[in-house]
There are 2 protein chains.
Amino acid sequence: MKKRVLMVVAYDGTNYHGWQLQSNGVTIEGELNKHLTSLLGEDIRVAGASRTDAGVHALGNLAVFDTESRIPADKISYALNQRLPEDIRIQRSMEVEPDFHPRKRAMKKTYEYRITCAPFPIPTKRLYSYYTYRRPDLNAMKKAAGYFVGKHDFKSFCSAGNQTDTTVREIYALEVSQEGADIVIRIQGGGFLYNMVRIIAGTLLDVGTGRKKAEEIPCIIHSLRRENAGPTAPAHGLTLIGYNLDDIL
Amino acid sequence: MKKRVLMVVAYDGTNYHGWQLQSNGVTIEGELNKHLTSLLGEDIRVAGASRTDAGVHALGNLAVFDTESRIPADKISYALNQRLPEDIRIQRSMEVEPDFHPRKRAMKKTYEYRITCAPFPIPTKRLYSYYTYRRPDLNAMKKAAGYFVGKHDFKSFCSAGNQTDTTVREIYALEVSQEGADIVIRIQGGGFLYNMVRIIAGTLLDVGTGRKKAEEIPCIIHSLRRENAGPTAPAHGLTLIGYNLDDIL
């Protein structure tokens with residue numbers, strides 16, 4: 001009896017060449033395929049929800065696969081965690097409808113971009129947060145954030161290499177908050193273009209450091225030109241927090 | 001003109017065999033000696049304040065050394081950070097009195113022990129927090145914490161290998177708090193015995209999980225027997241937050 005299994009996958013992206021399978025370089029997808037194949041004795045190929053870049057972290061990426069295994073779907077997480085390296089952990093596993101596909105199903109998705117402001121970098125945060133010695137203006141960043149919310153053509157916030165048909169996306173929420181020495185950008189949307197969250201983070205940082213004004217954001221969006229937005233913020237500050245699974249459970 | 005320089009040293013302890021110089025194994029002290037010697041062109045040997053164990057992290061350990069260098073003391077941090085690996089960062093450097101020694105000067109010292117409670121480990125926290133799937137009773141831990149505060153003979157909370165004359169120490173403050181999914185034990189004292197903070201953390205966890213009662217803490221302290229206290233909590237959950245430098249600046 002074939003079944004489709006959905007897994008919530010957390011990982012520290014530091015030691016991986018991103019999610020997507022590569023011929024050279026260890027990837028999250030490659031590790032999942034290898035250890036599922038060895039656990040279940042079948043040739044398993046997972047389909048992932050987000051193809052995160054090298055260095056990007058996740059608390060709740062999604063992967064699905066089909067199996068004939070008699071191991072109950074919700075026990076696969078425990079069995080697989082025994083085999084996976086410590087920097088990849090399955091948070092849960094469950095059976096889903098046979099036609100469920102995480103990239104074809106609309107689900108709210110949340111990312112966090114973390115920035116640490118201190119006179120010198122903090123070693124224990126160096127792999128999980130973008131460091132700057134210059135304290136950005138939090139209020140300016142908050143003001144700028146408001147302009148992104150809603151349905152817009154985000155072509156200005158999209159790297160070359162984006163493969164989607166349309167560059168229109170909807171952002172449901174974008175919050176900038178202080179957490180101790182960190183500034184955290186939390187963004188929720190129905191989907192994001194290639195590098196979109198990192199370019200929004202880089203643009204908000206430009207506003208925070210006075211290189212751009214908050215009021216310029218609508219113009220930058222309307223221009224549909226990548227060069228008008230800020231730089232792509234480094235990968236290691238980004239964490240895919242997760243998907244809203246309420247509507248599929 | 002010889003001068004004595006004090007440095008505030010932050011590090012991620014993951015990749016080091018602790019602070020103290022070893023013939024085999026890379027240590028924080030060894031890295032500081034090597035890069036200071038190369039930077040200043042003199043044979044430099046630092047004296048550290050805390051000999052943290054392998055895997056323990058620090059935001060503010062202290063090291064002093066003497067130099068004939070004409071580089072201003074407060075600029076040495078910048079120059080040294082150019083040479084040090086990214087997981088060691090000098091937070092500041094400053095000239096101090098020629099007889100200042102960080103282990104002979106009484107200074108308040110603060111440690112944090114971090115515990116993450118979640119159904120499965122969180123990969124990005126695995127090197128900086130002790131993981132448990134079982135949520136400890138925070139109120140019981142807070143109650144137990146109160147018994148430690150004050151001047152006591154902490155022989156029960158000291159590993160074999162402690163080299164100090166007396167096992168009497170004073171704890172000024174011990175707080176247990178919730179920070180998101182983490183429980184943080186913050187302890188401030190005038191000095192600590194070998195493994196004392198990790199044994200206190202292990203004992204508080206025993207109270208949190210019901211293996212010990214909060215009311216037993218005074219008995220455990222008075223017994224002066226290590227076997228009555230809880231286990232030594234793992235090194236990677238511990239961070240030396242720093243020393244109170246107010247009285248020397």
# chains A, B, ... in the order shown; residues from 1 in each chain; ligands from 1
>>> closest_atom_pairs(of="chain A", to="chain B", cutoff="12 Å", atoms="only C-alpha atoms", output="tab-separated table")
residue	atom	partner	partner_atom	distance
A:Val8	CA	B:Phe120	CA	11.0
A:Val9	CA	B:Pro123	CA	10.0
A:Ala10	CA	B:Pro123	CA	6.5
A:Tyr11	CA	B:Pro123	CA	5.3
A:Asp12	CA	B:Thr124	CA	5.0
A:Gly13	CA	B:Thr124	CA	8.4
A:Thr14	CA	B:Thr124	CA	9.1
A:Asn15	CA	B:Thr124	CA	11.4
A:Gly55	CA	B:Thr124	CA	11.4
A:Val56	CA	B:Thr124	CA	10.7
A:His57	CA	B:Thr124	CA	7.6
A:Ala58	CA	B:Thr124	CA	8.5
A:Leu59	CA	B:Ile122	CA	7.3
A:Gly60	CA	B:Ile122	CA	10.2
A:Ser77	CA	B:Phe120	CA	9.5
A:Tyr78	CA	B:Phe120	CA	9.2
A:Asn81	CA	B:Phe120	CA	9.2
A:Gln82	CA	B:Phe120	CA	11.8
A:Leu84	CA	B:Pro123	CA	11.4
A:Pro85	CA	B:Pro123	CA	9.7
A:Glu86	CA	B:Pro123	CA	6.7
A:Asp87	CA	B:Pro123	CA	4.8
A:Ile88	CA	B:Pro123	CA	6.1
A:Arg89	CA	B:Pro123	CA	6.6
A:Ile90	CA	B:Phe120	CA	7.6
A:Gln91	CA	B:Phe120	CA	5.7
A:Arg92	CA	B:Phe120	CA	8.4
A:Ser93	CA	B:Phe120	CA	11.9
A:Ala118	CA	B:Gln91	CA	9.3
A:Pro119	CA	B:Gln91	CA	7.2
A:Phe120	CA	B:Gln91	CA	5.7
A:Pro121	CA	B:Arg89	CA	6.8
A:Ile122	CA	B:Ala10	CA	6.8
A:Pro123	CA	B:Asp87	CA	4.8
A:Thr124	CA	B:Asp12	CA	5.0
A:Lys125	CA	B:Asp12	CA	8.6
A:Arg126	CA	B:Asp87	CA	7.7
A:Leu127	CA	B:Thr124	CA	8.9
A:Tyr128	CA	B:Thr124	CA	7.6
A:Ser129	CA	B:Thr124	CA	11.1
A:Tyr133	CA	B:Gln91	CA	11.7
A:Glu179	CA	B:Glu179	CA	10.8
A:Gly180	CA	B:Glu179	CA	11.3
A:His236	CA	B:Thr124	CA	11.1
A:Gly237	CA	B:Thr124	CA	11.8
A:Leu238	CA	B:Thr124	CA	11.7
A:Thr239	CA	B:Thr124	CA	9.7
A:Leu240	CA	B:Thr124	CA	11.9
A:Ile241	CA	B:Ile122	CA	11.6
>>> write_last_selection(atoms="N, CA and C atoms", output="compact mmCIF listing (two decimals), in the first residue's frame")
# COMPACT_ATOMS: atom_id res chain seq x y z
N VAL A 8 8.27 17.70 8.15
CA VAL A 8 8.71 19.06 8.49
C VAL A 8 10.19 18.96 8.84
N VAL A 9 11.03 19.67 8.08
CA VAL A 9 12.47 19.47 8.16
C VAL A 9 13.17 20.73 8.69
N ALA A 10 13.93 20.58 9.77
CA ALA A 10 14.73 21.69 10.31
C ALA A 10 16.20 21.42 10.02
N TYR A 11 16.95 22.46 9.70
CA TYR A 11 18.38 22.25 9.49
C TYR A 11 19.19 23.51 9.71
N ASP A 12 20.44 23.28 10.05
CA ASP A 12 21.46 24.31 10.11
C ASP A 12 22.13 24.28 8.73
N GLY A 13 21.95 25.34 7.94
CA GLY A 13 22.41 25.31 6.56
C GLY A 13 23.91 25.51 6.38
N THR A 14 24.63 25.76 7.49
CA THR A 14 26.05 26.12 7.42
C THR A 14 26.89 25.15 6.58
N ASN A 15 26.69 23.86 6.82
CA ASN A 15 27.58 22.87 6.19
C ASN A 15 27.03 22.26 4.91
N GLY A 55 23.80 27.99 3.13
CA GLY A 55 23.95 28.86 4.30
C GLY A 55 22.65 29.29 4.94
N VAL A 56 21.52 29.16 4.20
CA VAL A 56 20.21 29.52 4.75
C VAL A 56 19.75 28.37 5.67
N HIS A 57 19.12 28.74 6.80
CA HIS A 57 18.66 27.76 7.78
C HIS A 57 17.15 27.56 7.67
N ALA A 58 16.67 26.49 8.29
CA ALA A 58 15.23 26.26 8.32
C ALA A 58 14.81 25.63 9.63
N LEU A 59 13.65 26.07 10.11
CA LEU A 59 13.00 25.37 11.21
C LEU A 59 11.90 24.48 10.66
N GLY A 60 11.32 24.87 9.52
CA GLY A 60 10.17 24.12 9.03
C GLY A 60 10.05 24.12 7.53
N SER A 77 9.70 10.02 11.36
CA SER A 77 10.57 11.08 11.88
C SER A 77 11.58 10.52 12.88
N TYR A 78 11.10 9.70 13.82
CA TYR A 78 11.99 9.14 14.85
C TYR A 78 13.07 8.26 14.22
N ASN A 81 15.62 10.32 12.11
CA ASN A 81 16.52 11.14 12.94
C ASN A 81 17.69 10.33 13.51
N GLN A 82 17.51 9.02 13.66
CA GLN A 82 18.60 8.16 14.14
C GLN A 82 19.73 8.10 13.12
N LEU A 84 20.12 10.54 10.35
CA LEU A 84 20.55 11.83 9.80
C LEU A 84 21.66 12.45 10.63
N PRO A 85 22.50 13.29 10.01
CA PRO A 85 23.47 14.05 10.80
C PRO A 85 22.72 15.01 11.74
N GLU A 86 23.40 15.43 12.81
CA GLU A 86 22.76 16.22 13.87
C GLU A 86 22.26 17.58 13.39
N ASP A 87 22.80 18.07 12.27
CA ASP A 87 22.37 19.40 11.81
C ASP A 87 21.16 19.34 10.89
N ILE A 88 20.56 18.17 10.74
CA ILE A 88 19.26 18.02 10.07
C ILE A 88 18.35 17.23 11.01
N ARG A 89 17.18 17.76 11.34
CA ARG A 89 16.25 17.07 12.23
C ARG A 89 14.84 17.13 11.67
N ILE A 90 14.20 15.97 11.58
CA ILE A 90 12.80 15.92 11.17
C ILE A 90 11.95 16.26 12.39
N GLN A 91 11.16 17.33 12.29
CA GLN A 91 10.36 17.76 13.43
C GLN A 91 9.07 16.94 13.56
N ARG A 92 8.52 16.51 12.42
CA ARG A 92 7.36 15.62 12.44
C ARG A 92 7.18 15.02 11.06
N SER A 93 6.45 13.92 11.00
CA SER A 93 6.13 13.29 9.72
C SER A 93 4.68 12.82 9.81
N ALA A 118 26.51 45.20 17.14
CA ALA A 118 27.39 45.22 18.30
C ALA A 118 28.72 45.82 17.85
N PRO A 119 29.53 46.30 18.80
CA PRO A 119 30.82 46.89 18.42
C PRO A 119 31.72 45.89 17.68
N PHE A 120 31.66 44.61 18.08
CA PHE A 120 32.39 43.56 17.37
C PHE A 120 31.45 42.37 17.17
N PRO A 121 31.73 41.52 16.17
CA PRO A 121 30.87 40.35 15.94
C PRO A 121 30.86 39.44 17.18
N ILE A 122 29.75 38.76 17.39
CA ILE A 122 29.61 37.81 18.48
C ILE A 122 29.80 36.41 17.89
N PRO A 123 30.89 35.71 18.28
CA PRO A 123 31.23 34.45 17.61
C PRO A 123 30.11 33.41 17.55
N THR A 124 29.33 33.28 18.64
CA THR A 124 28.30 32.25 18.64
C THR A 124 27.11 32.60 17.74
N LYS A 125 27.06 33.82 17.26
CA LYS A 125 25.98 34.21 16.35
C LYS A 125 26.44 34.32 14.92
N ARG A 126 27.73 34.13 14.65
CA ARG A 126 28.27 34.47 13.34
C ARG A 126 27.65 33.67 12.19
N LEU A 127 27.12 32.49 12.48
CA LEU A 127 26.57 31.64 11.42
C LEU A 127 25.06 31.79 11.28
N TYR A 128 24.43 32.59 12.16
CA TYR A 128 22.96 32.63 12.22
C TYR A 128 22.40 34.04 12.15
N SER A 129 23.25 35.02 11.95
CA SER A 129 22.81 36.40 12.01
C SER A 129 23.79 37.26 11.22
N TYR A 133 28.27 46.68 12.69
CA TYR A 133 28.65 47.48 13.87
C TYR A 133 27.80 48.74 13.95
N GLU A 179 15.17 42.38 19.34
CA GLU A 179 15.23 41.27 20.31
C GLU A 179 16.62 41.28 20.92
N GLY A 180 16.78 41.93 22.06
CA GLY A 180 18.10 42.07 22.66
C GLY A 180 18.99 42.89 21.73
N HIS A 236 23.38 33.69 5.49
CA HIS A 236 23.38 33.07 6.83
C HIS A 236 22.47 33.78 7.82
N GLY A 237 21.97 34.99 7.51
CA GLY A 237 21.03 35.67 8.40
C GLY A 237 19.59 35.19 8.25
N LEU A 238 19.36 34.37 7.23
CA LEU A 238 17.99 33.98 6.86
C LEU A 238 17.61 32.60 7.40
N THR A 239 16.42 32.52 7.97
CA THR A 239 15.85 31.24 8.42
C THR A 239 14.43 31.11 7.91
N LEU A 240 14.15 30.00 7.25
CA LEU A 240 12.77 29.68 6.87
C LEU A 240 12.08 29.14 8.11
N ILE A 241 11.21 29.95 8.70
CA ILE A 241 10.54 29.55 9.94
C ILE A 241 9.56 28.42 9.67
>>> select_by_dssp(residues="segment 78-186 of chain B", states="alpha helix (DSSP H)", output="list in words")
Tyr78, Ala79, Leu80, Asn81, Gln82, Arg83, Leu138, Asn139, Ala140, Met141, Lys142, Lys143, Ala144, Ala145, Gly146, Tyr147 and Phe148 of chain B
>>> write_last_selection(atoms="C-alpha atoms", output="compact mmCIF listing (two decimals), in the first residue's frame")
# COMPACT_ATOMS: atom_id res chain seq x y z
CA TYR B 78 41.16 45.69 15.80
CA ALA B 79 44.56 44.50 14.65
CA LEU B 80 44.28 41.12 16.37
CA ASN B 81 40.77 40.45 15.01
CA GLN B 82 42.22 40.68 11.48
CA ARG B 83 44.36 37.63 12.27
CA LEU B 138 10.01 26.28 35.73
CA ASN B 139 8.50 27.25 39.08
CA ALA B 140 10.17 24.34 40.86
CA MET B 141 13.51 25.38 39.31
CA LYS B 142 12.99 29.00 40.39
CA LYS B 143 12.24 27.90 43.94
CA ALA B 144 15.33 25.66 44.03
CA ALA B 145 17.50 28.49 42.65
CA GLY B 146 16.75 30.65 45.70
CA TYR B 147 18.51 28.21 48.05
CA PHE B 148 21.85 28.63 46.26
>>> atom_distance(atom1="atom CA of Leu21 of chain B", atom2="atom CA of Thr166 of chain B")
25.1 Å
>>> atom_distance(atom1="atom CA of Ser69 of chain A", atom2="atom CA of Ile28 of chain A")
22.0 Å
>>> select_by_dssp(residues="segment 54-245 of chain B", states="strand (DSSP E)", output="PyMOL selection string")
chain B and resi 57-67+88-96+109-117+130-132+150-153+168-179+182-189+238-243
>>> write_last_selection(atoms="C-alpha atoms", output="tab-separated table (two decimals), in the first residue's frame")
chain	number	residue	atom	x	y	z
B	57	HIS	CA	31.38	29.52	24.99
B	58	ALA	CA	32.25	33.03	26.14
B	59	LEU	CA	31.09	36.55	25.46
B	60	GLY	CA	33.52	38.12	27.91
B	61	ASN	CA	36.43	36.04	29.14
B	62	LEU	CA	39.51	38.11	30.04
B	63	ALA	CA	43.17	37.82	29.08
B	64	VAL	CA	46.14	40.02	29.96
B	65	PHE	CA	49.64	40.19	28.54
B	66	ASP	CA	52.68	42.49	28.61
B	67	THR	CA	54.07	44.11	25.51
B	88	ILE	CA	37.31	34.15	18.38
B	89	ARG	CA	36.70	37.93	18.57
B	90	ILE	CA	38.34	40.50	20.83
B	91	GLN	CA	35.50	42.74	22.04
B	92	ARG	CA	37.83	45.41	23.43
B	93	SER	CA	41.39	45.94	24.62
B	94	MET	CA	42.72	48.48	27.10
B	95	GLU	CA	45.79	49.29	29.18
B	96	VAL	CA	45.64	48.30	32.86
B	109	LYS	CA	31.35	37.04	37.07
B	110	THR	CA	28.20	35.96	35.22
B	111	TYR	CA	27.41	32.67	33.48
B	112	GLU	CA	24.37	31.56	31.52
B	113	TYR	CA	23.25	27.99	31.09
B	114	ARG	CA	20.70	27.53	28.28
B	115	ILE	CA	18.22	24.66	27.91
B	116	THR	CA	15.97	24.18	24.87
B	117	CYS	CA	12.71	22.26	25.32
B	130	TYR	CA	21.24	21.72	26.06
B	131	TYR	CA	18.31	19.97	24.45
B	132	THR	CA	15.55	18.10	26.31
B	150	GLY	CA	24.51	33.50	49.48
B	151	LYS	CA	27.80	32.29	50.91
B	152	HIS	CA	28.01	28.49	51.22
B	153	ASP	CA	30.50	25.67	51.13
B	168	VAL	CA	33.36	28.28	50.09
B	169	ARG	CA	31.93	30.60	47.44
B	170	GLU	CA	29.31	33.35	47.30
B	171	ILE	CA	26.52	33.43	44.75
B	172	TYR	CA	25.06	36.92	44.39
B	173	ALA	CA	22.17	36.07	42.09
B	174	LEU	CA	20.69	32.98	40.44
B	175	GLU	CA	17.75	33.47	38.11
B	176	VAL	CA	15.82	30.96	36.06
B	177	SER	CA	13.72	32.44	33.26
B	178	GLN	CA	11.83	31.47	30.14
B	179	GLU	CA	13.02	32.94	26.82
B	182	ASP	CA	14.48	28.16	26.11
B	183	ILE	CA	15.00	28.07	29.84
B	184	VAL	CA	17.94	30.26	30.85
B	185	ILE	CA	19.80	29.89	34.14
B	186	ARG	CA	21.75	33.07	34.89
B	187	ILE	CA	24.18	32.97	37.78
B	188	GLN	CA	26.40	35.67	39.22
B	189	GLY	CA	29.11	35.08	41.79
B	238	LEU	CA	27.25	27.05	29.08
B	239	THR	CA	28.37	30.58	28.18
B	240	LEU	CA	30.64	32.80	30.26
B	241	ILE	CA	28.77	36.10	29.86
B	242	GLY	CA	31.47	38.18	31.44
B	243	TYR	CA	33.11	40.03	34.29
>>> residues_around(residues="Met196 of chain B", least_positions_apart="6", cutoff="8 Å", atoms="only C-alpha atoms", output="PDB file with C-alpha atoms, in the first residue's frame")
ATOM      1  CA  PHE B 154      29.788  24.362  47.634  1.00  0.00           C
ATOM      2  CA  PHE B 157      28.861  21.182  43.516  1.00  0.00           C
ATOM      3  CA  CYS B 158      32.472  20.681  42.601  1.00  0.00           C
ATOM      4  CA  SER B 159      34.092  18.063  40.353  1.00  0.00           C
TER       5      SER B 159
END
>>> residues_around(residues="Asp137 of chain B", least_positions_apart="5", cutoff="9 Å", atoms="only C-alpha atoms", output="list in words")
Lys142, Leu205, Val207, Gly208, Thr209 and Gly210 of chain B
>>> residues_around(residues="Ala229 of chain B", least_positions_apart="3", cutoff="8 Å", atoms="only C-alpha atoms", output="list in words")
Ser156, Phe157, Ile199, Ile200, Thr203, Ile220, Arg225 and Arg226 of chain B
>>> write_last_selection(atoms="N, CA and C atoms", output="PDB file, in the first residue's frame")
ATOM      1  N   SER B 156      29.659  20.083  47.449  1.00  0.00           N
ATOM      2  CA  SER B 156      28.771  19.140  46.735  1.00  0.00           C
ATOM      3  C   SER B 156      28.654  19.476  45.250  1.00  0.00           C
ATOM      4  N   PHE B 157      29.042  20.706  44.894  1.00  0.00           N
ATOM      5  CA  PHE B 157      28.861  21.182  43.516  1.00  0.00           C
ATOM      6  C   PHE B 157      30.213  21.444  42.867  1.00  0.00           C
ATOM      7  N   ILE B 199      27.179  21.779  37.381  1.00  0.00           N
ATOM      8  CA  ILE B 199      26.552  20.873  38.357  1.00  0.00           C
ATOM      9  C   ILE B 199      25.287  21.524  38.939  1.00  0.00           C
ATOM     10  N   ILE B 200      25.334  22.839  39.168  1.00  0.00           N
ATOM     11  CA  ILE B 200      24.126  23.536  39.622  1.00  0.00           C
ATOM     12  C   ILE B 200      23.038  23.421  38.544  1.00  0.00           C
ATOM     13  N   THR B 203      21.594  20.000  38.592  1.00  0.00           N
ATOM     14  CA  THR B 203      20.761  19.797  39.781  1.00  0.00           C
ATOM     15  C   THR B 203      19.423  20.514  39.622  1.00  0.00           C
ATOM     16  N   ILE B 220      21.426  19.106  50.308  1.00  0.00           N
ATOM     17  CA  ILE B 220      22.483  18.710  49.362  1.00  0.00           C
ATOM     18  C   ILE B 220      23.715  19.601  49.573  1.00  0.00           C
ATOM     19  N   ARG B 225      28.735  16.502  49.787  1.00  0.00           N
ATOM     20  CA  ARG B 225      29.039  15.276  49.027  1.00  0.00           C
ATOM     21  C   ARG B 225      28.573  15.436  47.580  1.00  0.00           C
ATOM     22  N   ARG B 226      29.516  15.341  46.670  1.00  0.00           N
ATOM     23  CA  ARG B 226      29.225  15.512  45.242  1.00  0.00           C
ATOM     24  C   ARG B 226      28.105  14.594  44.770  1.00  0.00           C
TER      25      ARG B 226
END
>>> atom_distance(atom1="atom CA of Asn33 of chain A", atom2="atom CA of Ala47 of chain A")
9.7 Å
>>> residues_around(residues="Pro98 of chain A", least_positions_apart="4", cutoff="9 Å", atoms="only C-alpha atoms", output="list in words")
Lys2, Lys3, Arg4, Val5 and Asp66 of chain A
